[in-house]
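Participant: Provided herewith: work.pdb, PDB, C-alpha atoms.
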ATOM      1  CA  MET B 817     108.081 131.905  93.724
ATOM      2  CA  ARG B 818     105.132 134.216  94.401
ATOM      3  CA  PHE B 819     101.735 132.655  95.025
ATOM      4  CA  ALA B 820      99.832 135.849  95.889
ATOM      5  CA  ARG B 821     100.187 139.533  95.138
ATOM      6  CA  ALA B 822      98.158 142.662  94.698
ATOM      7  CA  PHE B 823      96.752 142.970  91.198
ATOM      8  CA  GLY B 824      96.244 145.832  88.784
ATOM      9  CA  VAL B 825      97.339 148.655  91.028
ATOM     10  CA  LEU B 826      97.553 152.159  89.687
ATOM     11  CA  LEU B 827      99.083 155.011  91.667
ATOM     12  CA  LEU B 828      96.922 157.731  90.162
ATOM     13  CA  ALA B 829      99.023 160.641  91.336
ATOM     14  CA  VAL B 830     101.950 159.338  89.280
ATOM     15  CA  LEU B 831     100.074 158.062  86.282
ATOM     16  CA  THR B 832      97.940 161.135  85.759
ATOM     17  CA  GLY B 833     100.620 163.765  86.319
ATOM     18  CA  CYS B 834      99.941 167.444  86.961
ATOM     19  CA  GLY B 835      96.447 168.284  88.079
ATOM     20  CA  ALA B 836      95.629 164.662  88.916
ATOM     21  CA  PRO B 837      93.845 163.662  92.108
ATOM     22  CA  ASP B 838      96.290 163.330  94.985
ATOM     23  CA  VAL B 839      95.255 159.759  95.675
ATOM     24  CA  THR B 840      97.289 156.635  96.327
ATOM     25  CA  VAL B 841      95.331 153.428  95.967
ATOM     26  CA  VAL B 842      96.335 149.939  97.037
ATOM     27  CA  SER B 843      94.664 146.813  95.747
ATOM     28  CA  PRO B 844      93.785 144.011  98.152
ATOM     29  CA  THR B 845      95.251 140.629  97.376
ATOM     30  CA  PRO B 846      92.811 138.373  95.495
ATOM     31  CA  ASP B 847      91.685 135.209  97.237
ATOM     32  CA  VAL B 848      93.117 132.971  94.527
ATOM     33  CA  THR B 849      96.205 133.375  92.388
ATOM     34  CA  THR B 850      97.343 130.592  90.104
ATOM     35  CA  VAL B 851     100.754 129.984  88.634
ATOM     36  CA  ALA B 852     100.975 129.367  84.898
ATOM     37  CA  GLU B 853     103.461 127.032  83.317
ATOM     38  CA  PRO B 854     107.036 128.387  83.148
ATOM     39  CA  PHE B 855     108.859 129.233  79.951
ATOM     40  CA  VAL B 856     109.045 126.214  77.654
ATOM     41  CA  ALA B 857     111.915 126.169  75.138
ATOM     42  CA  ASP B 858     112.867 129.644  76.350
ATOM     43  CA  ARG B 859     109.480 131.198  75.687
ATOM     44  CA  PHE B 860     105.925 131.704  76.921
ATOM     45  CA  VAL B 861     103.116 131.670  74.355
ATOM     46  CA  GLY B 862      99.764 133.314  75.062
ATOM     47  CA  ASP B 863      98.285 133.432  71.557
ATOM     48  CA  PHE B 864      94.859 131.954  72.459
ATOM     49  CA  GLU B 865      95.336 129.103  69.982
ATOM     50  CA  THR B 866      93.964 126.728  72.620
ATOM     51  CA  GLY B 867      90.587 128.300  71.813
ATOM     52  CA  ASN B 868      90.297 129.627  75.369
ATOM     53  CA  PHE B 869      92.312 131.554  77.975
ATOM     54  CA  ASP B 870      94.037 128.489  79.462
ATOM     55  CA  GLN B 871      97.538 129.632  78.451
ATOM     56  CA  TRP B 872      97.226 132.467  80.970
ATOM     57  CA  ALA B 873      97.241 132.173  84.758
ATOM     58  CA  ASP B 874      94.516 134.601  85.813
ATOM     59  CA  CYS B 875      91.469 136.197  84.196
ATOM     60  CA  GLN B 876      90.047 139.421  85.624
ATOM     61  CA  ASN B 877      86.828 141.152  84.610
ATOM     62  CA  ILE B 878      83.499 142.337  85.991
ATOM     63  CA  ALA B 879      81.876 138.928  85.484
ATOM     64  CA  VAL B 880      84.359 136.767  87.394
ATOM     65  CA  ARG B 881      86.393 139.303  89.400
ATOM     66  CA  SER B 882      89.691 137.352  89.450
ATOM     67  CA  GLU B 883      89.937 133.611  88.921
ATOM     68  CA  PRO B 884      92.235 131.050  87.288
ATOM     69  CA  CYS B 885      91.842 131.177  83.525
ATOM     70  CA  THR B 886      91.536 127.387  83.460
ATOM     71  CA  SER B 887      88.184 127.898  85.224
ATOM     72  CA  TYR B 888      87.033 130.630  82.843
ATOM     73  CA  HIS B 889      85.151 128.616  80.252
ATOM     74  CA  ASP B 890      81.747 130.338  80.414
ATOM     75  CA  GLN B 891      83.082 133.385  78.617
ATOM     76  CA  SER B 892      81.338 136.680  79.269
ATOM     77  CA  ASP B 893      80.681 139.340  76.664
ATOM     78  CA  ARG B 894      83.523 141.345  78.209
ATOM     79  CA  MET B 895      86.266 138.804  77.443
ATOM     80  CA  GLN B 896      86.099 136.249  74.654
ATOM     81  CA  VAL B 897      88.362 134.106  72.527
ATOM     82  CA  GLU B 898      86.907 134.384  69.045
ATOM     83  CA  THR B 899      87.524 133.521  65.404
ATOM     84  CA  SER B 900      86.044 136.427  63.455
ATOM     85  CA  MET B 901      88.856 138.960  64.003
ATOM     86  CA  VAL B 902      92.267 137.289  64.091
ATOM     87  CA  ARG B 903      95.827 138.260  63.201
ATOM     88  CA  GLN B 904      97.437 134.817  63.255
ATOM     89  CA  GLY B 905      96.234 131.255  63.596
ATOM     90  CA  ARG B 906      92.546 130.583  64.248
ATOM     91  CA  TYR B 907      91.894 132.577  67.437
ATOM     92  CA  ALA B 908      92.323 136.008  68.995
ATOM     93  CA  ALA B 909      91.018 137.586  72.203
ATOM     94  CA  ARG B 910      88.421 140.327  72.385
ATOM     95  CA  PHE B 911      88.363 142.594  75.465
ATOM     96  CA  GLU B 912      85.434 144.961  76.090
ATOM     97  CA  VAL B 913      85.114 147.446  78.954
ATOM     98  CA  HIS B 914      82.210 149.635  80.045
ATOM     99  CA  GLN B 915      82.159 152.290  82.731
ATOM    100  CA  GLY B 916      81.702 150.582  86.088
ATOM    101  CA  ASP B 917      83.534 147.385  85.093
ATOM    102  CA  THR B 918      85.728 147.417  88.197
ATOM    103  CA  PRO B 919      85.858 143.835  89.513
ATOM    104  CA  GLY B 920      85.188 143.331  93.191
ATOM    105  CA  ARG B 921      88.306 143.158  95.403
ATOM    106  CA  LEU B 922      90.357 144.836  92.678
ATOM    107  CA  CYS B 923      91.096 148.494  92.255
ATOM    108  CA  CYS B 924      91.607 151.004  90.687
ATOM    109  CA  GLY B 925      89.808 151.141  87.389
ATOM    110  CA  ASP B 926      87.596 149.307  84.942
ATOM    111  CA  ARG B 927      89.173 146.241  83.359
ATOM    112  CA  ALA B 928      89.120 143.009  81.404
ATOM    113  CA  GLU B 929      92.603 141.439  81.524
ATOM    114  CA  VAL B 930      94.640 138.264  81.520
ATOM    115  CA  SER B 931      97.795 137.857  83.594
ATOM    116  CA  GLY B 932     100.765 135.621  82.871
ATOM    117  CA  GLU B 933     102.066 135.624  86.452
ATOM    118  CA  GLU B 934     105.263 133.628  87.102
ATOM    119  CA  ALA B 935     105.385 132.310  83.534
ATOM    120  CA  THR B 936     106.086 135.858  82.335
ATOM    121  CA  ARG B 937     108.295 136.965  85.226
ATOM    122  CA  SER B 938     111.485 138.975  84.614
ATOM    123  CA  ASP B 939     114.125 140.007  87.123
ATOM    124  CA  GLU B 940     117.304 142.073  87.281
ATOM    125  CA  GLY B 941     119.540 141.371  84.291
ATOM    126  CA  ASP B 942     116.966 139.365  82.320
ATOM    127  CA  ASP B 943     117.061 139.943  78.553
ATOM    128  CA  ARG B 944     113.582 139.435  77.079
ATOM    129  CA  TRP B 945     111.796 139.773  73.735
ATOM    130  CA  TYR B 946     108.037 140.299  73.399
ATOM    131  CA  GLN B 947     105.807 140.223  70.334
ATOM    132  CA  TRP B 948     102.054 140.446  69.719
ATOM    133  CA  SER B 949      99.361 142.249  67.707
ATOM    134  CA  THR B 950      96.744 144.727  68.912
ATOM    135  CA  ARG B 951      93.673 146.079  67.124
ATOM    136  CA  PHE B 952      91.465 148.963  68.309
ATOM    137  CA  GLU B 953      87.815 148.694  67.327
ATOM    138  CA  ASN B 954      86.148 151.693  65.717
ATOM    139  CA  GLY B 955      84.985 154.134  68.404
ATOM    140  CA  PHE B 956      87.707 153.158  70.889
ATOM    141  CA  PRO B 957      87.766 155.994  73.478
ATOM    142  CA  ALA B 958      91.222 157.565  73.758
ATOM    143  CA  ASP B 959      90.312 161.199  74.290
ATOM    144  CA  HIS B 960      90.018 161.141  78.074
ATOM    145  CA  GLY B 961      91.973 159.810  81.054
ATOM    146  CA  TRP B 962      94.328 156.837  80.962
ATOM    147  CA  THR B 963      94.141 153.407  79.374
ATOM    148  CA  VAL B 964      96.581 150.500  79.740
ATOM    149  CA  LEU B 965      96.570 147.844  77.017
ATOM    150  CA  SER B 966      99.620 145.761  77.914
ATOM    151  CA  GLN B 967     101.670 146.127  81.075
ATOM    152  CA  TRP B 968     104.656 144.732  82.894
ATOM    153  CA  HIS B 969     103.527 145.051  86.496
ATOM    154  CA  ALA B 970     106.025 145.184  89.353
ATOM    155  CA  ASN B 971     105.821 142.801  92.293
ATOM    156  CA  GLU B 972     105.246 145.860  94.457
ATOM    157  CA  ASP B 973     102.247 148.151  94.095
ATOM    158  CA  GLY B 974     102.323 151.173  91.816
ATOM    159  CA  PRO B 975     102.066 152.079  88.140
ATOM    160  CA  PRO B 976     103.679 149.480  85.873
ATOM    161  CA  PRO B 977     107.366 150.190  85.181
ATOM    162  CA  LEU B 978     106.614 149.584  81.498
ATOM    163  CA  ALA B 979     103.296 149.730  79.644
ATOM    164  CA  VAL B 980     101.671 150.166  76.273
ATOM    165  CA  ALA B 981      98.989 152.770  76.891
ATOM    166  CA  SER B 982      96.677 155.294  75.249
ATOM    167  CA  GLY B 983      94.844 158.514  76.048
ATOM    168  CA  PRO B 984      95.800 162.038  77.128
ATOM    169  CA  THR B 985      97.139 160.979  80.517
ATOM    170  CA  ASN B 986     100.825 160.416  79.741
ATOM    171  CA  VAL B 987     100.353 159.708  76.017
ATOM    172  CA  GLY B 988      98.054 162.139  74.189
ATOM    173  CA  VAL B 989      94.536 162.667  72.916
ATOM    174  CA  ASN B 990      93.717 159.836  70.505
ATOM    175  CA  ARG B 991      97.287 158.527  70.665
ATOM    176  CA  TRP B 992      98.906 155.351  71.952
ATOM    177  CA  GLY B 993     102.483 154.636  72.915
ATOM    178  CA  VAL B 994     105.052 153.291  75.355
ATOM    179  CA  VAL B 995     105.020 154.602  78.932
ATOM    180  CA  VAL B 996     107.875 154.109  81.417
ATOM    181  CA  SER B 997     107.219 154.796  85.114
ATOM    182  CA  THR B 998     110.475 154.951  87.049
ATOM    183  CA  TYR B 999     110.929 154.543  90.778
ATOM    184  CA  ASP B1000     113.567 155.283  93.384
ATOM    185  CA  ALA B1001     112.056 152.609  95.658
ATOM    186  CA  PRO B1002     108.627 151.090  96.360
ATOM    187  CA  GLY B1003     106.280 153.942  97.193
ATOM    188  CA  HIS B1004     108.768 156.526  95.893
ATOM    189  CA  PRO B1005     108.003 157.241  92.232
ATOM    190  CA  GLY B1006     110.422 158.973  89.931
ATOM    191  CA  ALA B1007     109.873 160.438  86.485
ATOM    192  CA  THR B1008     107.242 159.094  84.098
ATOM    193  CA  TYR B1009     108.265 159.081  80.427
ATOM    194  CA  THR B1010     106.504 158.488  77.140
ATOM    195  CA  PRO B1011     109.498 157.999  74.845
ATOM    196  CA  TRP B1012     107.383 156.948  71.843
ATOM    197  CA  SER B1013     103.796 157.561  70.728
ATOM    198  CA  THR B1014     101.736 157.718  67.553
ATOM    199  CA  PRO B1015      98.164 158.548  66.499
ATOM    200  CA  LEU B1016      95.660 155.832  67.326
ATOM    201  CA  ILE B1017      94.105 154.200  64.290
ATOM    202  CA  THR B1018      91.217 151.752  64.459
ATOM    203  CA  ASP B1019      90.258 148.569  62.622
ATOM    204  CA  THR B1020      93.875 147.767  61.755
ATOM    205  CA  TRP B1021      96.147 145.139  63.283
ATOM    206  CA  LEU B1022      99.288 146.674  64.792
ATOM    207  CA  ASP B1023     102.266 144.322  65.123
ATOM    208  CA  ILE B1024     104.339 145.239  68.195
ATOM    209  CA  LYS B1025     107.752 143.887  69.204
ATOM    210  CA  LEU B1026     109.832 145.006  72.178
ATOM    211  CA  HIS B1027     113.295 144.034  73.342
ATOM    212  CA  VAL B1028     113.782 144.827  77.035
ATOM    213  CA  LEU B1029     116.779 144.527  79.325
ATOM    214  CA  TRP B1030     115.313 144.521  82.815
ATOM    215  CA  SER B1031     117.331 146.535  85.329
ATOM    216  CA  THR B1032     116.986 149.066  88.136
ATOM    217  CA  ARG B1033     119.857 151.063  86.593
ATOM    218  CA  ASP B1034     119.410 153.733  83.933
ATOM    219  CA  ASP B1035     122.778 152.864  82.394
ATOM    220  CA  VAL B1036     121.908 149.162  82.079
ATOM    221  CA  GLY B1037     118.184 148.834  81.424
ATOM    222  CA  PHE B1038     116.884 149.526  77.930
ATOM    223  CA  ILE B1039     113.924 149.230  75.551
ATOM    224  CA  GLU B1040     113.912 148.706  71.778
ATOM    225  CA  LEU B1041     110.708 148.883  69.747
ATOM    226  CA  TRP B1042     109.477 147.637  66.360
ATOM    227  CA  ILE B1043     106.072 148.434  64.846
ATOM    228  CA  GLY B1044     105.014 146.484  61.783
ATOM    229  CA  GLY B1045     108.531 145.089  61.526
ATOM    230  CA  VAL B1046     110.112 148.565  61.395
ATOM    231  CA  ARG B1047     112.526 149.561  64.128
ATOM    232  CA  GLN B1048     111.349 152.762  65.770
ATOM    233  CA  VAL B1049     113.286 155.877  66.718
ATOM    234  CA  PHE B1050     112.197 157.165  70.119
ATOM    235  CA  ASP B1051     110.932 160.723  69.889
ATOM    236  CA  ALA B1052     110.854 162.026  73.470
ATOM    237  CA  GLU B1053     112.666 161.914  76.808
ATOM    238  CA  PRO B1054     114.732 160.221  78.011
ATOM    239  CA  CYS B1055     116.007 158.920  74.671
ATOM    240  CA  ALA B1056     114.823 161.185  71.832
ATOM    241  CA  GLY B1057     116.541 160.344  68.557
ATOM    242  CA  GLN B1058     117.737 156.933  69.751
ATOM    243  CA  THR B1059     116.705 153.437  68.710
ATOM    244  CA  ARG B1060     117.725 152.031  72.102
ATOM    245  CA  CYS B1061     116.124 153.822  75.051
ATOM    246  CA  MET B1062     118.402 153.545  78.068
ATOM    247  CA  VAL B1063     116.212 153.756  81.169
ATOM    248  CA  ARG B1064     115.577 151.843  84.380
ATOM    249  CA  THR B1065     112.962 149.200  83.688
ATOM    250  CA  LEU B1066     112.596 147.740  87.192
ATOM    251  CA  MET B1067     111.591 149.219  90.543
ATOM    252  CA  PRO B1068     114.597 149.242  92.919
ATOM    253  CA  HIS B1069     113.865 146.889  95.828
ATOM    254  CA  GLY B1070     110.543 146.093  94.148
ATOM    255  CA  GLY B1071     111.287 142.651  92.768
ATOM    256  CA  GLY B1072     110.650 141.648  89.184
ATOM    257  CA  THR B1073     107.788 142.154  86.735
ATOM    258  CA  TYR B1074     105.013 140.002  85.282
ATOM    259  CA  PHE B1075     102.969 140.615  82.138
ATOM    260  CA  LYS B1076      99.274 141.471  81.817
ATOM    261  CA  GLN B1077      97.296 142.142  78.650
ATOM    262  CA  GLY B1078      93.778 143.267  77.850
ATOM    263  CA  TYR B1079      92.011 146.540  78.576
ATOM    264  CA  TYR B1080      92.390 148.504  81.837
ATOM    265  CA  ARG B1081      91.253 152.108  82.062
ATOM    266  CA  ASP B1082      90.345 155.220  83.998
ATOM    267  CA  PRO B1083      86.950 154.713  85.704
ATOM    268  CA  THR B1084      85.887 158.205  84.590
ATOM    269  CA  ILE B1085      85.844 157.153  80.913
ATOM    270  CA  GLY B1086      82.185 156.926  79.946
ATOM    271  CA  GLY B1087      81.802 155.134  76.644
ATOM    272  CA  PRO B1088      82.404 151.425  76.027
ATOM    273  CA  GLY B1089      85.506 150.298  74.163
ATOM    274  CA  VAL B1090      86.806 147.152  72.501
ATOM    275  CA  VAL B1091      90.370 146.041  71.799
ATOM    276  CA  PHE B1092      91.685 142.779  70.326
ATOM    277  CA  HIS B1093      95.007 141.088  71.106
ATOM    278  CA  ASP B1094      96.609 138.150  69.331
ATOM    279  CA  GLY B1095      99.859 136.231  68.993
ATOM    280  CA  PHE B1096     101.621 137.117  72.259
ATOM    281  CA  THR B1097     105.042 135.545  72.842
ATOM    282  CA  ALA B1098     107.632 136.280  75.522
ATOM    283  CA  ALA B1099     111.048 134.795  74.785
ATOM    284  CA  LYS B1100     114.645 134.817  75.949
ATOM    285  CA  ASN B1101     115.878 135.535  72.432
ATOM    286  CA  GLU B1102     114.402 136.981  69.243
ATOM    287  CA  ALA B1103     114.642 133.709  67.327
ATOM    288  CA  ALA B1104     112.269 132.034  69.804
ATOM    289  CA  LEU B1105     109.428 134.481  69.086
ATOM    290  CA  ALA B1106     106.447 132.845  67.407
ATOM    291  CA  PRO B1107     105.720 134.413  63.987
ATOM    292  CA  LEU B1108     102.727 136.682  63.551
TER
END
Render the structure in this file as structure tokens.

Facilitator:
Amino acid sequence: MRFARAFGVLLLAVLTGCGAPDVTVVSPTPDVTTVAEPFVADRFVGDFETGNFDQWADCQNIAVRSEPCTSYHDQSDRMQVETSMVRQGRYAARFEVHQGDTPGRLCCGDRAEVSGEEATRSDEGDDRWYQWSTRFENGFPADHGWTVLSQWHANEDGPPPLAVASGPTNVGVNRWGVVVSTYDAPGHPGATYTPWSTPLITDTWLDIKLHVLWSTRDDVGFIELWIGGVRQVFDAEPCAGQTRCMVRTLMPHGGGTYFKQGYYRDPTIGGPGVVFHDGFTAAKNEAALAPL
């Protein structure tokens, strides 16, 4: 079991593609990393219905840098559990980021995130289902750089093998979608794909469900996607026209993945932005997903 790792690392040369700065950045390991509770009844629930962030292992933002979420009770204006904008239950989480919100000891962009750590870990051959809702507030900036909203981060440093992202870097101007960053080995990136994307709309809850088979092999790993309960057809490489995108979902020799959610973005983005998340469940089968 891992008790420490580098957080929130983004290999900009891969993530930004052609014309991007030729920079590789490595995050130092935070002083404290907690381990959340493991899957209970074949699932992990991070729906904020505790009225705080205690379901999650680590909280990261400009106010606290990185600390156990069980210690994060004096909520800052950047990260709050609130009751005024919810999709299910009584509570949802609000994440706000301004330019310069890069927490100390963490690189490589501005952020407000929660991390599930070991409780959301997946390894070779694991079959997992994920479901949650996301809402972009009016004025959300998606016309410049990169933004990561939900990510499955590898144990090793580099862009997340799988992410829900927005913005022209990898997705498109004022669009959001699914981004897959493949690897040949740690430190040796392969192709980056955006097999599905759609125009970004604000002030509307978006219900997202993914079915992922985690594997380092392109002929084994896959992703399936539902938006608003409707199964999606992927519209770009490597699986255009398919409802099951066969693609490697793990970094070879890079260990497994763990899940992070919130708002993580290019430090060159100027304006503030707000996104809400609610109802997250990770489960070993679809029936175990909590309803939205």

Participant: Find the residues near stretch 941-948 of chain B: any atom within 9 Å, counting only C-alpha atoms, skip ones fewer than 2 places away on the same chain, and give them as a VMD selection string.

Facilitator: chain B and resid 863 938 to 939 950 1022 to 1032 1036 to 1037 1093 to 1102 1104 to 1108

Participant: So which residues touch stretch 894-911 of chain B within 10 Å, counting only C-alpha atoms, skipping near sequence neighbours fewer than 4 positions away, as a PyMOL selection string?

Facilitator: chain B and resi 862-869+875-879+888-890+917+927-930+948-951+953+965+1019-1023+1077-1080+1089-1096+1107-1108

Participant: Please evaluate the PyMOL selection byres ((chain B and resi 1070) around 7) against the displayed coordinates and give the resulting residues as a list in words.

Facilitator: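 The output of the PyMOL selection byres ((chain B and resi 1070) around 7) on this file is Ala970, Asn971, Glu972, Ala1001, Pro1002, Met1067, Pro1068, His1069, Gly1071 and Gly1072 of chain B.
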
Participant: In Å, with one decimal, what is the gap from atom CA of B:Trp1012 to atom CA of B:Glu940?

Facilitator: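 Pair atom CA of B:Trp1012 / atom CA of B:Glu940 returns 23.6 Å.
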
Participant: Mind dumping a table of every stretch 963-999 of chain B residue within 12 Å of stretch 1003-1006 of chain B, with the nearest atom pair and its distance in Å to one decimal, using only C-alpha atoms, sorted by chain and rising number, as a tab-separated table?

Facilitator:
residue	atom	partner	partner_atom	distance
B:Ala970	CA	B:Gly1003	CA	11.8
B:Glu972	CA	B:Gly1003	CA	8.6
B:Asp973	CA	B:Gly1003	CA	7.7
B:Gly974	CA	B:Gly1003	CA	7.2
B:Pro975	CA	B:Pro1005	CA	8.9
B:Pro976	CA	B:Pro1005	CA	10.9
B:Pro977	CA	B:Pro1005	CA	10.0
B:Val996	CA	B:Gly1006	CA	10.1
B:Ser997	CA	B:Gly1006	CA	7.1
B:Thr998	CA	B:Gly1006	CA	4.9
B:Tyr999	CA	B:Pro1005	CA	4.2

Participant: Would you please work out which residue, of B:Thr936, B:Gln967, B:Ser982, B:Gln891, is nearest to B:Asp1082 when using only C-alpha atoms?

Facilitator: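 The closest residue to B:Asp1082 is B:Ser982.
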
Participant: Step by step, work through what the PyMOL selection byres ((chain B and resi 923-925) around 6) selects in the shown file, and finish by giving those residues as an mmCIF file with C-alpha atoms, in the frame of the given file.

Facilitator:
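Below is the file that was written, expr-v5.cif:
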data_model
loop_
_atom_site.group_PDB
_atom_site.id
_atom_site.type_symbol
_atom_site.label_atom_id
_atom_site.label_comp_id
_atom_site.auth_asym_id
_atom_site.auth_seq_id
_atom_site.Cartn_x
_atom_site.Cartn_y
_atom_site.Cartn_z
ATOM 1 C CA SER B 843 94.664 146.813 95.747
ATOM 2 C CA THR B 918 85.728 147.417 88.197
ATOM 3 C CA LEU B 922 90.357 144.836 92.678
ATOM 4 C CA ASP B 926 87.596 149.307 84.942
ATOM 5 C CA ARG B 1081 91.253 152.108 82.062
ATOM 6 C CA ASP B 1082 90.345 155.220 83.998
ATOM 7 C CA PRO B 1083 86.950 154.713 85.704
#

Participant: If we count all atoms listed in the file and set the cut-off at 8 Å, which residues sit around B:Asp959, ignoring sequence neighbours fewer than 6 positions away in its own chain? Please answer as a list in words.

Facilitator: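 Counting all atoms listed in the file, the residues come to Gly983, Pro984, Gly988, Val989 and Asn990 of chain B.
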
Participant: Taking into account only C-alpha atoms, which residue in the set B:Ala873, B:Pro1015, B:Ala1056, B:Thr1010 is nearest to B:Val861?

Facilitator: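 Of all the options, B:Ala873 lies closest to B:Val861.
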
Participant: Could you please determine the separation between atom CA of B:Pro1088 and atom CA of B:His914 in Å, to one decimal place?

Facilitator: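 Spanning atom CA of B:Pro1088 to atom CA of B:His914 is a straight-line distance of 4.4 Å.
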
Participant: Mind pulling up the distance from atom CA of B:Glu1053 to atom CA of B:Trp968?

Facilitator: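 Separation between atom CA of B:Trp968 and atom CA of B:Glu1053: 19.9 Å.
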
Participant: Let me make sure I understand: among B:Cys1055, B:Val987, B:Ala935, B:Leu1041, which one has the smallest atom-to-atom distance to B:Phe860 if we use all atoms listed in the file?

Facilitator: B:Ala935

Participant: May I ask which of the residues B:Ser882, B:Gln1058, B:Thr1008, B:Thr1065 is the closest one to B:Asp1034, counting only C-alpha atoms?

Facilitator: B:Thr1065
